[in-house]
Structures are given as structure tokens and as C-alpha cells.
file work-v2.cif (mmCIF, C-alpha atoms and all ligand atoms)
data_query
loop_
_atom_site.label_atom_id
_atom_site.label_comp_id
_atom_site.auth_asym_id
_atom_site.auth_seq_id
_atom_site.Cartn_x
_atom_site.Cartn_y
_atom_site.Cartn_z
CA MET A 1 -14.35 -55.17 15.89
CA PRO A 2 -13.42 -51.87 17.62
CA GLN A 3 -14.66 -48.88 15.64
CA ALA A 4 -11.94 -46.40 14.48
CA LYS A 5 -12.43 -43.10 16.31
CA PRO A 6 -13.65 -40.54 13.75
CA THR A 7 -11.12 -37.74 13.28
CA THR A 8 -11.16 -34.76 10.97
CA PRO A 9 -8.15 -34.96 8.62
CA ASP A 10 -5.20 -32.65 9.30
CA ILE A 11 -4.92 -29.38 7.43
CA SER A 12 -1.87 -28.80 5.24
CA PHE A 13 1.43 -27.64 6.74
CA ARG A 14 1.21 -24.55 4.56
CA ALA A 15 -2.16 -23.53 5.92
CA SER A 16 -1.30 -24.30 9.52
CA ASP A 17 2.18 -22.69 9.41
CA MET A 18 1.00 -19.53 7.65
CA PRO A 19 1.37 -16.73 10.20
CA ARG A 20 -1.76 -14.92 11.32
CA SER A 21 -1.73 -11.18 10.63
CA SER A 22 -1.17 -8.89 13.61
CA ILE A 23 -3.27 -6.28 11.78
CA ARG A 24 -6.29 -8.56 11.77
CA ARG A 25 -5.64 -9.65 15.37
CA LEU A 26 -5.97 -6.06 16.57
CA PHE A 27 -8.82 -5.35 14.15
CA ASN A 28 -10.81 -8.26 15.64
CA ALA A 29 -9.96 -7.33 19.24
CA ALA A 30 -11.00 -3.71 18.61
CA ASN A 31 -14.25 -4.87 16.96
CA ALA A 32 -15.01 -7.06 19.97
CA LEU A 33 -14.47 -4.10 22.32
CA SER A 34 -16.74 -1.87 20.18
CA ALA A 35 -19.37 -4.60 20.11
CA ARG A 36 -19.47 -4.36 23.93
CA GLY A 37 -20.52 -0.74 23.50
CA GLU A 38 -17.13 0.84 24.27
CA THR A 39 -15.71 3.78 22.33
CA VAL A 40 -12.54 2.63 20.61
CA TYR A 41 -10.07 4.98 18.90
CA ARG A 42 -9.37 3.05 15.72
CA LEU A 43 -5.85 3.71 14.56
CA ASP A 44 -5.36 0.13 13.44
CA ILE A 45 -6.38 -0.82 9.92
CA GLY A 46 -5.29 1.16 6.83
CA ASP A 47 -8.73 1.97 5.49
CA PRO A 48 -9.14 5.67 4.57
CA ASP A 49 -12.37 6.98 6.10
CA PHE A 50 -13.40 8.95 2.98
CA GLU A 51 -16.68 8.09 1.33
CA LEU A 52 -16.55 6.04 -1.84
CA PRO A 53 -16.56 8.57 -4.72
CA ARG A 54 -20.13 8.84 -5.98
CA ARG A 55 -19.23 8.25 -9.62
CA ILE A 56 -17.81 4.80 -8.75
CA ALA A 57 -21.13 3.79 -7.23
CA GLU A 58 -22.91 5.19 -10.30
CA GLY A 59 -20.60 3.26 -12.63
CA ILE A 60 -21.47 0.05 -10.79
CA THR A 61 -25.23 0.62 -10.73
CA ASP A 62 -25.24 1.69 -14.39
CA ALA A 63 -23.42 -1.54 -15.27
CA LEU A 64 -26.02 -3.52 -13.34
CA ALA A 65 -28.81 -1.66 -15.15
CA ARG A 66 -27.13 -2.55 -18.47
CA LYS A 67 -27.04 -6.19 -17.29
CA GLN A 68 -23.24 -6.26 -17.29
CA THR A 69 -23.22 -9.15 -14.86
CA HIS A 70 -21.56 -11.94 -16.85
CA TYR A 71 -18.00 -13.29 -16.85
CA SER A 72 -15.46 -10.82 -18.17
CA PRO A 73 -12.05 -11.43 -19.80
CA MET A 74 -9.45 -12.79 -17.35
CA VAL A 75 -7.24 -9.73 -17.90
CA GLY A 76 -10.14 -7.32 -17.28
CA ILE A 77 -12.56 -5.46 -19.55
CA PRO A 78 -10.85 -3.54 -22.41
CA GLN A 79 -12.33 -0.21 -21.25
CA LEU A 80 -10.68 -0.53 -17.84
CA ARG A 81 -7.32 -1.60 -19.27
CA GLU A 82 -7.43 1.42 -21.57
CA ALA A 83 -8.34 3.79 -18.75
CA ILE A 84 -5.46 2.40 -16.66
CA ALA A 85 -2.98 2.82 -19.54
CA HIS A 86 -4.19 6.41 -19.83
CA ARG A 87 -3.68 6.91 -16.08
CA MET A 88 -0.10 5.61 -16.35
CA LEU A 89 0.52 8.34 -18.90
CA SER A 90 -1.03 11.15 -16.88
CA ARG A 91 0.39 9.96 -13.53
CA PHE A 92 3.89 8.81 -14.49
CA ASN A 93 4.30 9.96 -18.09
CA LEU A 94 4.65 6.29 -19.06
CA ASP A 95 3.52 5.12 -22.43
CA CYS A 96 2.07 1.71 -21.49
CA LEU A 97 -0.10 -0.28 -23.85
CA PRO A 98 -3.53 -1.35 -22.58
CA GLY A 99 -2.34 -4.90 -23.37
CA GLN A 100 0.31 -4.59 -20.65
CA VAL A 101 -2.39 -4.03 -18.02
CA VAL A 102 -3.97 -6.87 -16.07
CA CYS A 103 -6.83 -6.13 -13.68
CA ASN A 104 -6.81 -7.89 -10.33
CA GLN A 105 -8.91 -8.53 -7.26
CA GLY A 106 -7.06 -5.92 -5.22
CA ALA A 107 -3.31 -5.53 -5.01
CA THR A 108 -3.36 -8.58 -2.73
CA GLN A 109 -4.30 -10.93 -5.55
CA ALA A 110 -1.99 -9.09 -7.95
CA LEU A 111 0.91 -9.75 -5.56
CA ASN A 112 -0.01 -13.40 -5.30
CA ALA A 113 -0.22 -13.75 -9.09
CA SER A 114 3.16 -12.06 -9.50
CA LEU A 115 4.70 -14.35 -6.91
CA GLN A 116 3.29 -17.37 -8.75
CA LEU A 117 4.57 -16.01 -12.06
CA THR A 118 8.11 -15.37 -10.90
CA CYS A 119 8.91 -18.05 -8.29
CA ASP A 120 8.62 -21.81 -8.17
CA SER A 121 8.24 -23.64 -4.88
CA GLY A 122 11.73 -23.83 -3.39
CA ASN A 123 12.85 -20.55 -5.02
CA THR A 124 13.70 -17.48 -3.00
CA ILE A 125 12.31 -13.94 -3.03
CA MET A 126 14.01 -10.92 -1.48
CA LEU A 127 11.74 -8.93 0.83
CA PRO A 128 12.52 -5.82 2.89
CA GLU A 129 13.12 -6.90 6.48
CA ILE A 130 10.14 -4.84 7.70
CA TYR A 131 7.19 -5.46 5.45
CA TRP A 132 3.42 -5.84 4.99
CA PRO A 133 2.44 -9.23 6.56
CA ASN A 134 0.56 -10.60 3.55
CA TYR A 135 3.88 -11.06 1.75
CA ILE A 136 4.99 -13.73 4.19
CA GLN A 137 1.56 -15.37 4.12
CA GLN A 138 1.77 -15.60 0.33
CA THR A 139 5.32 -16.96 0.31
CA THR A 140 4.39 -19.55 2.94
CA LEU A 141 1.43 -20.72 0.88
CA GLY A 142 3.51 -20.75 -2.30
CA GLY A 143 6.41 -22.70 -0.74
CA VAL A 144 8.72 -19.77 -1.60
CA ARG A 145 11.56 -18.94 0.78
CA PRO A 146 11.96 -15.27 1.76
CA VAL A 147 15.37 -13.72 2.31
CA PHE A 148 15.30 -10.29 3.91
CA TYR A 149 17.26 -7.30 2.71
CA PRO A 150 18.33 -5.07 5.58
CA LEU A 151 17.04 -1.56 6.07
CA ASN A 152 19.00 1.36 7.45
CA PRO A 153 17.84 2.94 10.73
CA ASP A 154 15.70 5.32 8.63
CA PHE A 155 14.11 2.26 6.91
CA THR A 156 15.64 2.96 3.49
CA PRO A 157 17.35 -0.09 1.94
CA ASP A 158 20.93 -0.85 2.88
CA ILE A 159 22.23 -1.18 -0.66
CA ALA A 160 25.74 -2.19 0.40
CA ALA A 161 24.33 -5.31 2.08
CA LEU A 162 22.52 -6.67 -1.01
CA GLU A 163 25.46 -8.38 -2.67
CA LYS A 164 26.24 -10.46 0.43
CA LEU A 165 22.74 -11.94 0.29
CA TRP A 166 23.03 -13.11 -3.29
CA ASP A 167 22.20 -16.75 -3.92
CA PRO A 168 21.23 -18.40 -7.22
CA ALA A 169 17.84 -19.57 -5.86
CA ILE A 170 16.69 -15.93 -5.73
CA ARG A 171 14.22 -15.16 -8.50
CA ALA A 172 12.57 -11.91 -7.47
CA LEU A 173 13.03 -8.77 -5.41
CA LEU A 174 10.07 -7.00 -3.83
CA ILE A 175 10.01 -3.22 -3.42
CA ASN A 176 7.27 -1.41 -1.53
CA THR A 177 7.56 2.37 -1.67
CA PRO A 178 6.00 4.28 0.01
CA GLY A 179 6.17 1.45 2.50
CA ASN A 180 3.73 -0.14 4.86
CA PRO A 181 4.32 0.06 7.82
CA THR A 182 7.32 2.41 7.68
CA GLY A 183 5.88 5.18 5.49
CA VAL A 184 9.32 5.52 3.94
CA LEU A 185 9.82 6.57 0.36
CA PHE A 186 12.87 4.83 -1.09
CA PRO A 187 15.04 7.65 -2.51
CA PRO A 188 15.36 7.59 -6.32
CA ALA A 189 19.05 6.60 -6.02
CA ALA A 190 18.07 3.59 -3.88
CA VAL A 191 15.36 2.56 -6.37
CA ARG A 192 17.92 2.74 -9.18
CA ALA A 193 20.45 0.75 -7.12
CA LEU A 194 17.87 -1.97 -6.36
CA TYR A 195 16.98 -2.05 -10.02
CA ALA A 196 20.66 -2.35 -11.04
CA PHE A 197 21.11 -5.23 -8.57
CA ALA A 198 18.06 -7.03 -9.99
CA ARG A 199 19.27 -6.48 -13.54
CA GLU A 200 22.76 -7.71 -12.82
CA HIS A 201 21.42 -10.92 -11.28
CA GLY A 202 18.57 -11.52 -13.71
CA LEU A 203 15.79 -11.00 -11.12
CA TRP A 204 12.20 -9.96 -11.46
CA ILE A 205 11.08 -6.92 -9.50
CA ILE A 206 7.65 -6.98 -7.89
CA SER A 207 6.87 -3.35 -7.14
CA ASP A 208 4.03 -2.85 -4.68
CA GLU A 209 2.83 0.71 -5.26
CA ALA A 210 -0.43 0.53 -3.33
CA TYR A 211 0.37 3.91 -1.69
CA CYS A 212 1.85 5.77 -4.67
CA ASP A 213 -0.96 8.36 -4.63
CA TYR A 214 -0.20 9.26 -1.01
CA VAL A 215 3.20 10.95 -1.05
CA TYR A 216 3.56 13.99 1.24
CA GLU A 217 7.21 14.86 0.82
CA GLY A 218 10.24 13.69 -1.14
CA GLU A 219 10.52 12.47 -4.71
CA PHE A 220 8.68 9.30 -5.72
CA LEU A 221 10.39 7.19 -8.36
CA SER A 222 8.57 4.07 -9.41
CA PRO A 223 10.73 1.06 -10.38
CA LEU A 224 8.40 0.90 -13.39
CA GLN A 225 9.72 4.27 -14.56
CA VAL A 226 13.25 2.87 -14.47
CA ASP A 227 12.10 -0.29 -16.25
CA MET A 228 10.45 1.62 -19.07
CA GLU A 229 13.81 3.28 -19.80
CA GLN A 230 15.17 -0.17 -20.79
CA ALA A 231 14.76 -2.01 -24.09
CA GLU A 232 11.61 -4.14 -23.98
CA GLY A 233 13.50 -7.45 -23.91
CA ASP A 234 15.35 -6.31 -20.82
CA ARG A 235 12.37 -5.30 -18.68
CA ARG A 236 11.56 -7.02 -15.40
CA VAL A 237 9.13 -4.95 -13.31
CA LEU A 238 5.64 -6.11 -12.38
CA ALA A 239 4.14 -2.90 -10.98
CA ILE A 240 1.11 -3.36 -8.74
CA TYR A 241 -1.50 -0.74 -7.89
CA SER A 242 -4.64 -0.66 -5.78
CA PHE A 243 -7.93 1.21 -5.98
CA SER A 244 -8.40 0.47 -2.27
CA LYS A 245 -6.37 3.32 -0.84
CA SER A 246 -6.37 5.82 -3.72
CA TYR A 247 -10.18 5.77 -4.04
CA ALA A 248 -11.22 4.79 -0.50
CA ALA A 249 -12.59 1.59 -2.01
CA THR A 250 -11.04 -1.11 0.20
CA GLY A 251 -14.19 -3.25 0.24
CA LEU A 252 -14.52 -3.34 -3.54
CA ARG A 253 -11.31 -5.36 -3.94
CA MET A 254 -9.92 -3.91 -7.15
CA GLY A 255 -6.33 -3.42 -8.25
CA TYR A 256 -4.13 -3.93 -11.29
CA THR A 257 -0.70 -4.88 -12.54
CA VAL A 258 1.34 -3.29 -15.29
CA ALA A 259 3.45 -6.04 -16.85
CA PRO A 260 6.74 -5.51 -18.67
CA SER A 261 5.41 -6.95 -21.96
CA LEU A 262 2.25 -8.12 -23.69
CA GLU A 263 3.39 -11.72 -23.31
CA ILE A 264 3.88 -11.47 -19.54
CA ALA A 265 0.53 -9.70 -19.23
CA SER A 266 -1.20 -12.54 -21.00
CA ILE A 267 0.43 -15.11 -18.69
CA LEU A 268 -0.67 -13.05 -15.68
CA GLY A 269 -4.15 -13.09 -17.17
CA LEU A 270 -3.95 -16.89 -17.34
CA LEU A 271 -3.01 -16.97 -13.67
CA ASN A 272 -6.18 -15.05 -12.87
CA GLU A 273 -8.12 -18.08 -14.09
CA PRO A 274 -7.40 -20.30 -11.06
CA LEU A 275 -6.88 -17.40 -8.65
CA THR A 276 -10.07 -15.41 -9.23
CA GLY A 277 -12.01 -17.01 -12.07
CA SER A 278 -12.32 -13.46 -13.56
CA LEU A 279 -13.20 -10.26 -11.78
CA THR A 280 -16.57 -8.87 -10.77
CA THR A 281 -17.81 -7.23 -13.96
CA PRO A 282 -19.86 -4.29 -12.57
CA LEU A 283 -16.97 -3.29 -10.30
CA GLN A 284 -14.69 -2.97 -13.28
CA TRP A 285 -17.15 -0.52 -14.82
CA GLY A 286 -17.11 1.40 -11.55
CA MET A 287 -13.33 1.70 -11.78
CA VAL A 288 -13.53 2.97 -15.37
CA ARG A 289 -15.54 5.87 -13.94
CA ALA A 290 -13.02 6.35 -11.13
CA LEU A 291 -10.24 6.80 -13.64
CA GLU A 292 -12.20 9.33 -15.68
CA MET A 293 -11.48 11.80 -12.86
CA GLU A 294 -7.96 12.81 -11.84
CA ASP A 295 -8.72 13.28 -8.18
CA PRO A 296 -6.62 11.07 -5.88
CA HIS A 297 -4.61 14.21 -5.02
CA GLU A 298 -7.71 15.69 -3.33
CA ARG A 299 -7.70 12.82 -0.82
CA ARG A 300 -3.93 13.13 -0.45
CA ASP A 301 -4.29 16.82 0.41
CA ALA A 302 -6.96 16.00 2.97
CA LEU A 303 -4.70 13.34 4.49
CA ARG A 304 -1.78 15.73 4.62
CA GLY A 305 -3.63 17.69 7.36
CA ARG A 306 -4.06 14.52 9.47
CA TRP A 307 -0.44 13.52 8.82
CA GLN A 308 0.59 16.91 10.19
CA LEU A 309 -1.77 16.71 13.14
CA ALA A 310 -0.51 13.27 14.26
CA GLY A 311 3.10 14.48 13.96
CA GLU A 312 2.36 17.65 15.97
CA ILE A 313 0.75 15.73 18.85
CA LEU A 314 3.63 13.26 18.97
CA ARG A 315 6.26 15.98 18.88
CA ALA A 316 4.43 18.07 21.50
CA SER A 317 4.49 14.97 23.73
CA GLY A 318 8.26 14.77 23.40
CA PHE A 319 8.63 12.15 20.67
CA ALA A 320 11.12 12.75 17.93
CA ALA A 321 8.69 11.03 15.52
CA LYS A 322 9.95 11.59 11.99
CA PRO A 323 6.91 12.02 9.76
CA PRO A 324 6.44 9.29 7.16
CA GLN A 325 6.96 10.55 3.61
CA GLY A 326 4.03 8.62 2.23
CA GLY A 327 1.31 6.07 2.90
CA LEU A 328 -1.15 6.11 5.77
CA PHE A 329 0.93 5.23 8.82
CA TYR A 330 3.29 6.37 11.55
CA PHE A 331 5.55 3.54 12.74
CA ILE A 332 6.34 4.57 16.30
CA ASP A 333 9.27 3.39 18.40
CA ILE A 334 8.00 2.26 21.81
CA SER A 335 11.28 0.70 22.99
CA CYS A 336 11.44 3.23 25.87
CA THR A 337 8.59 1.31 27.54
CA GLY A 338 10.52 -1.98 27.58
CA LEU A 339 7.33 -3.74 26.40
CA THR A 340 7.10 -6.03 23.40
CA ALA A 341 4.92 -4.63 20.64
CA ASP A 342 2.16 -7.18 21.32
CA ASP A 343 2.03 -6.49 25.06
CA PHE A 344 2.07 -2.78 24.38
CA ALA A 345 -0.79 -2.96 21.86
CA ASP A 346 -2.89 -5.23 24.10
CA GLN A 347 -2.45 -2.99 27.14
CA LEU A 348 -3.07 0.16 25.12
CA LEU A 349 -6.33 -1.28 23.82
CA ALA A 350 -7.45 -2.58 27.22
CA GLU A 351 -6.55 0.54 29.22
CA GLN A 352 -6.90 3.41 26.77
CA HIS A 353 -9.22 1.92 24.15
CA VAL A 354 -6.77 2.85 21.42
CA ALA A 355 -6.23 0.27 18.69
CA ALA A 356 -2.69 0.35 17.26
CA VAL A 357 -1.07 -2.54 15.39
CA PRO A 358 1.93 -4.24 17.05
CA GLY A 359 5.05 -4.09 14.89
CA SER A 360 5.85 -7.76 15.57
CA GLY A 361 3.76 -8.92 12.60
CA PHE A 362 5.64 -6.64 10.18
CA GLY A 363 8.94 -8.44 10.59
CA LEU A 364 8.22 -12.14 11.04
CA GLN A 365 11.20 -14.20 9.98
CA PRO A 366 10.65 -17.92 9.28
CA HIS A 367 12.90 -20.66 10.62
CA ALA A 368 12.73 -24.11 9.12
CA LEU A 369 12.02 -26.84 11.65
CA ALA A 370 12.41 -30.59 11.27
CA GLY A 371 9.89 -32.13 8.88
CA GLY A 372 9.65 -28.98 6.75
CA ARG A 373 7.54 -27.06 9.28
CA LEU A 374 8.05 -23.32 9.78
CA GLN A 375 8.22 -21.21 12.90
CA PHE A 376 8.28 -17.40 12.85
CA GLU A 377 10.27 -15.01 15.04
CA PRO A 378 9.62 -11.25 15.16
CA HIS A 379 12.28 -8.85 13.93
CA ALA A 380 13.80 -6.96 16.91
CA VAL A 381 13.23 -3.42 15.59
CA ALA A 382 9.70 -4.14 14.36
CA ASN A 383 8.92 -5.74 17.71
CA SER A 384 9.60 -2.46 19.48
CA CYS A 385 7.28 -0.38 17.29
CA VAL A 386 3.56 0.08 16.81
CA ARG A 387 1.82 1.25 13.66
CA ILE A 388 -0.93 3.83 13.72
CA CYS A 389 -3.07 4.84 10.77
CA PHE A 390 -3.78 8.57 10.42
CA ALA A 391 -6.48 8.18 7.71
CA VAL A 392 -9.20 8.45 10.35
CA PRO A 393 -11.56 11.29 11.34
CA GLU A 394 -9.69 14.17 12.95
CA ASP A 395 -11.37 13.97 16.37
CA GLN A 396 -10.54 10.24 16.66
CA LEU A 397 -7.01 10.88 15.54
CA ARG A 398 -6.48 13.70 18.02
CA GLU A 399 -7.84 11.74 20.99
CA GLY A 400 -6.25 8.43 19.96
CA VAL A 401 -2.75 9.86 19.43
CA THR A 402 -2.97 11.94 22.62
CA ARG A 403 -3.90 8.83 24.62
CA LEU A 404 -1.14 6.83 22.92
CA ALA A 405 1.47 9.50 23.70
CA SER A 406 0.46 9.73 27.35
CA PHE A 407 0.40 5.92 27.64
CA ILE A 408 3.99 5.77 26.34
CA ALA A 409 5.04 8.54 28.73
CA ALA A 410 3.44 6.71 31.68
CA ARG A 411 5.15 3.41 30.79
CA ARG A 412 8.56 4.88 30.05
CA VAL A 413 11.30 2.93 31.82
CA ARG A 414 14.31 4.27 29.92
C1 LIG A 501 1.67 -2.52 1.10
C2 LIG A 501 0.32 -3.00 0.70
N1 LIG A 501 0.19 -3.63 -0.46
C3 LIG A 501 -0.99 -4.11 -0.87
C4 LIG A 501 -2.11 -3.96 -0.10
C5 LIG A 501 -3.39 -4.59 -0.56
O1 LIG A 501 -4.27 -3.74 -1.14
P1 LIG A 501 -5.65 -4.25 -1.71
O2 LIG A 501 -6.71 -3.79 -0.78
O3 LIG A 501 -5.74 -3.61 -3.07
O4 LIG A 501 -5.60 -5.73 -1.83
C6 LIG A 501 -2.04 -3.31 1.12
C7 LIG A 501 -3.23 -3.17 1.97
O5 LIG A 501 -3.19 -2.80 3.11
C8 LIG A 501 -0.78 -2.82 1.53
O6 LIG A 501 -0.63 -2.19 2.70
#
call {"tool": "encode", "arguments": {"input": "work-v2.cif", "output": "C-alpha cells", "more": "lines below"}}
Ligand SMILES: Cc1ncc(COP(=O)(O)O)c(C=O)c1O
result
Amino acid sequence: MPQAKPTTPDISFRASDMPRSSIRRLFNAANALSARGETVYRLDIGDPDFELPRRIAEGITDALARKQTHYSPMVGIPQLREAIAHRMLSRFNLDCLPGQVVCNQGATQALNASLQLTCDSGNTIMLPEIYWPNYIQQTTLGGVRPVFYPLNPDFTPDIAALEKLWDPAIRALLINTPGNPTGVLFPPAAVRALYAFAREHGLWIISDEAYCDYVYEGEFLSPLQVDMEQAEGDRRVLAIYSFSKSYAATGLRMGYTVAPSLEIASILGLLNEPLTGSLTTPLQWGMVRALEMEDPHERRDALRGRWQLAGEILRASGFAAKPPQGGLFYFIDISCTGLTADDFADQLLAEQHVAAVPGSGFGLQPHALAGGRLQFEPHAVANSCVRICFAVPEDQLREGVTRLASFIAARRVR
């Protein structure tokens, strides 16, 4: 009898259709170039170059010395939830109960848990049309359909367009302010209008506030602040925060969610069970120490200088680059070169050794194919931009942005 040829089984559609992140593509390409001994100006990944605050490291080692290495509650240790509730009061003047707080493995896992809480497979979530790529990876894995709300040319939301998108399958609306990659702060009136839209249509709001500690100009209004003005039974905001950016702790993978009620917080805690199997206990003790100090503004002030420097170099090179109001990035229009964002980023890396992330990955729009498969097309505006991170050492920033500006000037075709 002929032997069946051994074959490895196929992977799921969800895993194979899930788009790969353009951030990681550039990150890996830049690492490969560095590994060959080349100097690379790393303006790609959003990882502030500050040292981890010493007291966080001490909190972790003290916890290890106290043998705090066992499973912890799914919602996080009580001391951390309390410290976060206290931070919500000092940061936003919001009177949250520690029971509303759920600790997460970074904002990434918090976002995934919130998506799972609010949307069933087949439901729809509203995302801004230019967005952080992990959102689309999570919706693809969750079988949730994204619908994109348009942004104005300045990347603020086009509120007038929202109503036309309405469809009863929509369950949630995602807001990310200050935004990645745009750096735009949604004006308070826009936040209130998005909130009113969500309220009118009975939607959840997932508010990704990973960059809320890095605001350089303009007024920051958190959707959570609007939510806390409502009666408890009418609240709908799942507000998500990260220690990664605020405390230069990207590798520690810690974040948290403030839920609109104790009940929702306990369900989010339940979702942590399959998603993380509880958080790393010593790290939670480290974050308790982080919150004992009110210092994220020190890092923001240090970043403000780099934000200014990048803007000055771009302007001096003839770009009308509007500075971002918050976050860690400039999202730069390269349409004058006639190159797609991917070609631009690849050539910039190869010729100038500057790593910048192509905008294509920040606007992927899925199209359903026969058999339920998905294909992704880049958004036209995003595909003519590149993102650079200014949270890098000043000498790297100066050289990297100068090389980028002269590369654009040399490739200008219109
Ligand atoms: C908009 C946005 N949200 C969430 C995250 C994830 O943060 P964390 O490292 O806490 O998972 C990032 C990280 O780059 C981000 O840019």
C-alpha cells in the first residue's frame, strides 16, 4: 500500500491571515543590520531610552527576597490596585475604587481582554482609520470585524461621519489619544462627541491611554473622565494604561485597566485566567513602588526637548511638520517622494542606516475573500507617511532626523 506523504497540518485561518506588524518588520531589519556591525539610527520602535527607575528594580528584588513568587489574584495584588486607584485620583482627580482596577500584562493584553469582554465573534468594533497595528491583529484573532471611523487631515476624528457608519453589529468604539502613530490629542469636544455617539448607540468605549503621561501641548481629556460624570449604571469606558512608556519599562510587560464598575472589573479579572494565568508577582510589587513616586512628568519634560529638536531639524530642512501634541512619534508625510511607505523605509534603512517605520502598517484595512479569508490593503494616507520615534538619545535623534530629511529632499519628485 502506498504510504501517505507526511504533512504538517495547516495553521488556522486566523493565525495565517493575521497581518504582520510593520513596526516589527523594521525592528528586525534594523537589528539584522546592527548585527552586521553597522551603526543604525534607531527611530523605529517606541521604547523610551530612559533607564528603568531604580525603585522599580528594588521593588522587584525585595519581593523576590520576601519569596513573593507564587500565583497572585487574577485581578492583581491588592496593594497595586490600591496604588493605581490613588494614581487615578492624583492624575485625573477621579475617585475610582481599587475594585475597579484590573492589572494586566501590558496594555496589549488589557486591550485584548477588553475586546473579548465587549465583542463576540462576528460583532464589529469601530477603530480610527489610522491606528496602532496590534488592534487589527487582535480583531483578526478574535473574529471581530473592524469598521474605520475617518480622521480629518489633522488626524482628529471626523465626528460628522460617525452616524453614517452606524450598524447594529457595532459593539465598541476604540479611542487612542494621544495617538500612535499620529501623536494627535483628540480635542476635548471631540472626546465628548465620541462619547455621546457611543452612549446614544449603547456602545462600549475602549480607551487606549498608553501615552497619557506624554502630552506636550493641548488639553488632554480622558474618556474615563467623561464616563465618571455619568451615573454608575450608565458607564461604558474601559480605560487602559501602560507602565511601558510612562516608566520606561517596556520589557516588564505591565499595564492596567480601570473598569466602569466592580462587576465589569471582576469579569475582566476572569478573562485574565485564560489570557495570562495571573501576572508575574514580583513585577507587581515593582509597580507598587513605581506608583509611590509621582515622576512621569520628569520623563515627559526630558522628552519635550527631543520633541522640539526633531521638529526644529525637520522645519529647518523645509518640512512643514506639525509637532505631535503627545506620545513618542512624528508621523511624517513622504508623499513628495512618490515612494510607497515600505519602499521608502527599506531604502532609507539600506542607504542611510536610519530605521523609520512605514505608515502602511498603521492603516491596514481588511477585505473579506471567498471562504472567509482576509486580505489587507494599506490606507492611502498612512501609506505615504513614515513614523519616527523621538524617545532616543539626542545624538542619534539629531543624526537620524538630519539623514531622513536629506533623504526626502534628494528623492523629492513633486
Ligand atoms: C497605542 C498603544 N497602545 C498600547 C501599547 C502597548 O503597550 P504595552 O507595552 O503596555 O503592552 C502600545 C505600545 O506600543 C501602543 O503604542
call {"tool": "closest_atom_pairs", "arguments": {"input": "work-v2.cif", "of": "segment 38-84 of chain A", "to": "segment 340-363 of chain A", "cutoff": "6 Å", "atoms": "only C-alpha atoms", "output": "Markdown table"}}
result
| residue | atom | partner | partner_atom | distance |
| --- | --- | --- | --- | --- |
| A:Val40 | CA | A:His353 | CA | 4.9 |
| A:Tyr41 | CA | A:Val354 | CA | 4.7 |
| A:Arg42 | CA | A:Ala355 | CA | 5.1 |
| A:Leu43 | CA | A:Ala356 | CA | 5.3 |
| A:Asp44 | CA | A:Ala356 | CA | 4.7 |
call {"tool": "residues_around", "arguments": {"input": "work-v2.cif", "residues": "segment 171-185 of chain A", "least_positions_apart": "4", "cutoff": "7 Å", "atoms": "only C-alpha atoms", "output": "list in words"}}
result
Thr118, Cys119, Asn123, Thr124, Ile125, Met126, Leu127, Tyr131, Trp132, Phe155, Thr156, Leu203, Trp204, Ile205, Ile206, Ser207, Asp208, Glu209, Tyr211, Cys212, Phe220, Pro324, Gln325, Gly326, Gly327, Phe329, Tyr330, Phe331 and Arg387 of chain A
call {"tool": "residues_around", "arguments": {"input": "work-v2.cif", "residues": "Ala15 of chain A", "least_positions_apart": "6", "cutoff": "12 Å", "atoms": "only C-alpha atoms", "output": "PyMOL selection string"}}
result
chain A and resi 137-143+373-374
call {"tool": "closest_atom_pairs", "arguments": {"input": "work-v2.cif", "of": "chain A", "to": "ligand LIG 501 (chain A)", "cutoff": "6 Å", "atoms": "only C-alpha atoms and all ligand atoms", "output": "Markdown table"}}
result
| residue | atom | partner | partner_atom | distance |
| --- | --- | --- | --- | --- |
| A:Gly46 | CA | A:LIG501 | O5 | 5.8 |
| A:Gly106 | CA | A:LIG501 | O3 | 3.4 |
| A:Ala107 | CA | A:LIG501 | O3 | 3.7 |
| A:Thr108 | CA | A:LIG501 | O4 | 3.7 |
| A:Trp132 | CA | A:LIG501 | C1 | 5.4 |
| A:Asn180 | CA | A:LIG501 | C1 | 4.9 |
| A:Asp208 | CA | A:LIG501 | N1 | 5.8 |
| A:Ala210 | CA | A:LIG501 | N1 | 5.1 |
| A:Ser242 | CA | A:LIG501 | O3 | 4.2 |
| A:Ser244 | CA | A:LIG501 | O2 | 4.8 |
| A:Thr250 | CA | A:LIG501 | O2 | 5.2 |
| A:Arg253 | CA | A:LIG501 | O2 | 5.8 |
| A:Met254 | CA | A:LIG501 | O3 | 5.8 |
| A:Gly255 | CA | A:LIG501 | O3 | 5.2 |
call {"tool": "atom_distance", "arguments": {"input": "work-v2.cif", "atom1": "atom CA of Arg300 of chain A", "atom2": "atom CA of Tyr214 of chain A"}}
result
5.4 Å
call {"tool": "atom_distance", "arguments": {"input": "work-v2.cif", "atom1": "atom CA of Gly122 of chain A", "atom2": "atom CA of Ile159 of chain A"}}
result
25.1 Å
call {"tool": "closest_residue", "arguments": {"input": "work-v2.cif", "among": "A:Trp285, A:Phe319, A:Asn28, A:Leu271", "to": "Pro78 of chain A", "atoms": "only C-alpha atoms"}}
result
A:Trp285
call {"tool": "closest_residue", "arguments": {"input": "work-v2.cif", "among": "A:Ala248, A:Leu303, A:Leu339, A:Leu364", "to": "Val413 of chain A", "atoms": "all atoms listed in the file"}}
result
A:Leu339
call {"tool": "axis_aligned_box", "arguments": {"input": "work-v2.cif", "around": "segment 366-379 of chain A", "padding_each_side": "4 Å", "output": "lines of an AutoDock Vina configuration file"}}
result
center_x = 10.2
center_y = -20.5
center_z = 11.0
size_x = 13.4
size_y = 31.3
size_z = 16.4
call {"tool": "closest_residue", "arguments": {"input": "work-v2.cif", "among": "A:Ser335, A:Ser406, A:Gln116, A:Gln396", "to": "Gly318 of chain A", "atoms": "all atoms listed in the file"}}
result
A:Ser406
call {"tool": "atom_distance", "arguments": {"input": "work-v2.cif", "atom1": "atom CA of Gly59 of chain A", "atom2": "atom CA of Leu111 of chain A"}}
result
26.1 Å
call {"tool": "residues_around", "arguments": {"input": "work-v2.cif", "residues": "Gln68 of chain A", "least_positions_apart": "4", "cutoff": "7 Å", "atoms": "all atoms listed in the file", "output": "mmCIF file with C-alpha atoms, in the coordinates of the input"}}
result
data_model
loop_
_atom_site.group_PDB
_atom_site.id
_atom_site.type_symbol
_atom_site.label_atom_id
_atom_site.label_comp_id
_atom_site.auth_asym_id
_atom_site.auth_seq_id
_atom_site.Cartn_x
_atom_site.Cartn_y
_atom_site.Cartn_z
ATOM 1 C CA ALA A 63 -23.420 -1.540 -15.270
ATOM 2 C CA LEU A 64 -26.020 -3.520 -13.340
ATOM 3 C CA THR A 281 -17.810 -7.230 -13.960
ATOM 4 C CA PRO A 282 -19.860 -4.290 -12.570
#
call {"tool": "closest_residue", "arguments": {"input": "work-v2.cif", "among": "A:Gln365, A:Ser114, A:Ser222, A:Thr276", "to": "Gly76 of chain A", "atoms": "only C-alpha atoms"}}
result
A:Thr276
call {"tool": "closest_residue", "arguments": {"input": "work-v2.cif", "among": "A:Gly400, A:Pro393, A:Pro128, A:Pro133", "to": "Leu314 of chain A", "atoms": "all atoms listed in the file"}}
result
A:Gly400
call {"tool": "residues_around", "arguments": {"input": "work-v2.cif", "residues": "Glu58 of chain A", "least_positions_apart": "4", "cutoff": "8 Å", "atoms": "all atoms listed in the file", "output": "ChimeraX atom specification"}}
result
/A:54,62,286
